[in-house]
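Notes for the one structure printed next.
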Amino acid sequence: MARELKLAVGALNVRLHPHSPEIYDAFLNALYQLRLPVRIRGDRFGMITLLDRRGIDDGLIRGVLRTFTKIDPNSRWFDEDSLGDADPELLKKISIPSNAHPNSSAFRFTMNVQKHILTFEQYSEGRQLTPKSAYQIFRWLADDEMIVAIFGTAKISVLQDKRSLDNIFNMRRLKSITFIIDRPNPDIWSDDLENEVDNHLAAAHAQRIAVTYTAPPGGSLVETPSLRRLGNGALRNGEIDARGYDEDGHVRVSTLDSPRIEQTKYDPDVETEQVAFERLRRGMEANQQ
């Protein structure tokens with residue numbers, strides 16, 4: 001029996017209006033066609049390097065995100081032998097093609113164009129792509145002028161762990177809770193309120209709405225079905241910020257600090273990484289209902 005391998009996935013919620021599988025298909029293809037490296041942090045970059053539309057009849061588009069290091073040839077180089085700056089004559093011997101980049105890692109992803117959920121490999125064989133990094137790649141690509149001109153501003157958020165909302169409501173004393181939602185949708189608001197909020201945001205040229213509940217002095221907020229519904233919507237479409245007290249004193253909780261991660265272990269002699277990934281993807285999507 002082979003050693004079991006760990007695999008973990010995260011997910012993004014990508015929203016365009018009006019919703020349609022065709023729009024998400026065209027949007028993802030347009031991002032890929034940019035062929036644009038995006039800075040994640042420092043000298044670390046990421047880009048979409050593969051798009052596979054063979055599963056589009058099932059509403060699925062698969063692809064690969066690749067991260068790598070971009071070396072600045074004009075930066076200072078260190079010589080570990082001399083323990084100082086590398087000699088200019090030594091640097092003349094270095095020859096790296098401008099299109100070659102070291103420290104490359106590849107991460108598969110799948111976009112469900114019907115549910116507009118993009119699931120990506122967060123951990124595989126020692127390689128890791130944080131939800132924040134995946135978000136940055138797609139956020140920067142979606143904000144490209146050519147993309148915005150065609151599709152408008154895409155709403156993208158990291159799917160967050162539902163347990164973080166439980167932790168908020170389980171605070172010993174919940175002083176305030178703020179639900180930040182990028183765009184109202186029928187899962188959160190009634191039809192009349194959805195239209196009202198949409199019109200208000202459009203008139204104000206705003207992209208988000210924040211709803212804050214504050215307890216009276218000395219009091220604590222109590223969970224209600226409507227607060228839970230707002231919270232579930234914010235986990236998919238924004239974020240939640242809460243302040244209160246637990247056994248250790250005053251605390252502030254942001255659900256952005258708790259991205260949703262689904263993980264498993266698989267035997268490569270029995271199950272391929274692709275099959276294990278698809279199993280996690282289906283679970284990620286199913287639990288967003």
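Scheme for the structure tokens: letters A, B, ... for chains in order shown; per-chain residue numbers from 1; ligand numbers from 1 in order shown.
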Check: Excluding same-chain residues fewer than 6 positions from Arg108 of chain A, what lies within 9 Å of it counting only C-alpha atoms, as a list of chain:residue names?
Finding: A:Arg62, A:Gly63, A:Val64, A:Leu65, A:Arg66, A:Thr119, A:Phe120, A:Glu121, A:Gln274, A:Phe277
Contact table segment 6-61 of chain A vs segment 149-152 of chain A, cut-off 12 Å, shortest pair per residue, only C-alpha atoms, as JSON lines:
{"residue": "A:Arg15", "atom": "CA", "partner": "A:Phe151", "partner_atom": "CA", "distance": 10.6}
{"residue": "A:Leu16", "atom": "CA", "partner": "A:Phe151", "partner_atom": "CA", "distance": 7.4}
{"residue": "A:His17", "atom": "CA", "partner": "A:Phe151", "partner_atom": "CA", "distance": 8.3}
{"residue": "A:Pro18", "atom": "CA", "partner": "A:Phe151", "partner_atom": "CA", "distance": 9.8}
{"residue": "A:His19", "atom": "CA", "partner": "A:Phe151", "partner_atom": "CA", "distance": 11.3}
{"residue": "A:Glu22", "atom": "CA", "partner": "A:Phe151", "partner_atom": "CA", "distance": 11.8}
{"residue": "A:Ile23", "atom": "CA", "partner": "A:Phe151", "partner_atom": "CA", "distance": 8.2}
{"residue": "A:Tyr24", "atom": "CA", "partner": "A:Phe151", "partner_atom": "CA", "distance": 9.5}
{"residue": "A:Asp25", "atom": "CA", "partner": "A:Phe151", "partner_atom": "CA", "distance": 11.6}
{"residue": "A:Ala26", "atom": "CA", "partner": "A:Phe151", "partner_atom": "CA", "distance": 9.2}
{"residue": "A:Phe27", "atom": "CA", "partner": "A:Phe151", "partner_atom": "CA", "distance": 7.2}
{"residue": "A:Leu28", "atom": "CA", "partner": "A:Phe151", "partner_atom": "CA", "distance": 10.7}
{"residue": "A:Ala30", "atom": "CA", "partner": "A:Ile150", "partner_atom": "CA", "distance": 9.4}
{"residue": "A:Leu31", "atom": "CA", "partner": "A:Phe151", "partner_atom": "CA", "distance": 10.9}
Output N, CA and C atoms of each residue in that selection to a file, as a PDB file, in the first residue's frame.
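As a result, out.pdb now contains:
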ATOM      1  N   ARG A  15     -18.967  36.354  -9.054  1.00  0.00           N
ATOM      2  CA  ARG A  15     -20.303  36.772  -9.445  1.00  0.00           C
ATOM      3  C   ARG A  15     -20.266  37.846 -10.516  1.00  0.00           C
ATOM      4  N   LEU A  16     -20.969  37.577 -11.598  1.00  0.00           N
ATOM      5  CA  LEU A  16     -21.186  38.548 -12.673  1.00  0.00           C
ATOM      6  C   LEU A  16     -22.694  38.725 -12.849  1.00  0.00           C
ATOM      7  N   HIS A  17     -23.085  39.855 -13.379  1.00  0.00           N
ATOM      8  CA  HIS A  17     -24.504  40.100 -13.589  1.00  0.00           C
ATOM      9  C   HIS A  17     -24.731  40.553 -15.025  1.00  0.00           C
ATOM     10  N   PRO A  18     -25.748  39.977 -15.686  1.00  0.00           N
ATOM     11  CA  PRO A  18     -26.676  38.972 -15.142  1.00  0.00           C
ATOM     12  C   PRO A  18     -26.022  37.593 -15.087  1.00  0.00           C
ATOM     13  N   HIS A  19     -26.508  36.746 -14.154  1.00  0.00           N
ATOM     14  CA  HIS A  19     -25.970  35.394 -14.014  1.00  0.00           C
ATOM     15  C   HIS A  19     -26.337  34.560 -15.248  1.00  0.00           C
ATOM     16  N   GLU A  22     -23.096  30.996 -19.701  1.00  0.00           N
ATOM     17  CA  GLU A  22     -22.364  31.496 -20.882  1.00  0.00           C
ATOM     18  C   GLU A  22     -21.458  32.664 -20.519  1.00  0.00           C
ATOM     19  N   ILE A  23     -21.933  33.541 -19.639  1.00  0.00           N
ATOM     20  CA  ILE A  23     -21.125  34.698 -19.243  1.00  0.00           C
ATOM     21  C   ILE A  23     -19.902  34.247 -18.455  1.00  0.00           C
ATOM     22  N   TYR A  24     -20.074  33.295 -17.538  1.00  0.00           N
ATOM     23  CA  TYR A  24     -18.933  32.821 -16.752  1.00  0.00           C
ATOM     24  C   TYR A  24     -17.930  32.073 -17.630  1.00  0.00           C
ATOM     25  N   ASP A  25     -18.432  31.368 -18.615  1.00  0.00           N
ATOM     26  CA  ASP A  25     -17.560  30.679 -19.572  1.00  0.00           C
ATOM     27  C   ASP A  25     -16.711  31.699 -20.325  1.00  0.00           C
ATOM     28  N   ALA A  26     -17.368  32.729 -20.872  1.00  0.00           N
ATOM     29  CA  ALA A  26     -16.650  33.751 -21.632  1.00  0.00           C
ATOM     30  C   ALA A  26     -15.686  34.535 -20.738  1.00  0.00           C
ATOM     31  N   PHE A  27     -16.108  34.797 -19.511  1.00  0.00           N
ATOM     32  CA  PHE A  27     -15.285  35.559 -18.563  1.00  0.00           C
ATOM     33  C   PHE A  27     -13.987  34.824 -18.251  1.00  0.00           C
ATOM     34  N   LEU A  28     -14.093  33.544 -17.921  1.00  0.00           N
ATOM     35  CA  LEU A  28     -12.895  32.784 -17.565  1.00  0.00           C
ATOM     36  C   LEU A  28     -11.964  32.653 -18.765  1.00  0.00           C
ATOM     37  N   ALA A  30     -11.667  34.804 -21.169  1.00  0.00           N
ATOM     38  CA  ALA A  30     -11.046  36.116 -21.368  1.00  0.00           C
ATOM     39  C   ALA A  30      -9.895  36.335 -20.396  1.00  0.00           C
ATOM     40  N   LEU A  31     -10.057  35.887 -19.153  1.00  0.00           N
ATOM     41  CA  LEU A  31      -8.956  36.005 -18.185  1.00  0.00           C
ATOM     42  C   LEU A  31      -7.748  35.208 -18.644  1.00  0.00           C
TER      43      LEU A  31
END
Restrict the calculation to only C-alpha atoms, then for each residue of segment 6-26 of chain A with any atom at most 12 Å from an atom of segment 95-107 of chain A give the closest atom pair and their distance in Å to one decimal, rows by chain and rising residue number, as JSON lines.
{"residue": "A:Leu7", "atom": "CA", "partner": "A:Phe107", "partner_atom": "CA", "distance": 11.1}
{"residue": "A:Ala8", "atom": "CA", "partner": "A:Phe107", "partner_atom": "CA", "distance": 10.9}
{"residue": "A:Val9", "atom": "CA", "partner": "A:Phe107", "partner_atom": "CA", "distance": 9.9}
{"residue": "A:Gly10", "atom": "CA", "partner": "A:Phe107", "partner_atom": "CA", "distance": 11.3}
Notebook entry, point to check: With only C-alpha atoms as the basis for distance, which of A:Thr153, A:Thr110, A:Thr255, A:Thr264 is at the shortest distance from Leu60 of chain A?
Noted result: A:Thr110
Note to self: Need to verify the contact set: Ile137 of chain A, 8 Å, only C-alpha atoms, exclusion of same-chain residues closer than 6 positions in sequence. Can you return it as a PyMOL selection string?
What the structure shows: chain A and resi 38-40+46-47
Checklist line | Exercise: segment 233-237 of chain A partners within 6 Å, only C-alpha atoms, chain neighbours under 4 positions left out, as a count of residues only | finding: 6
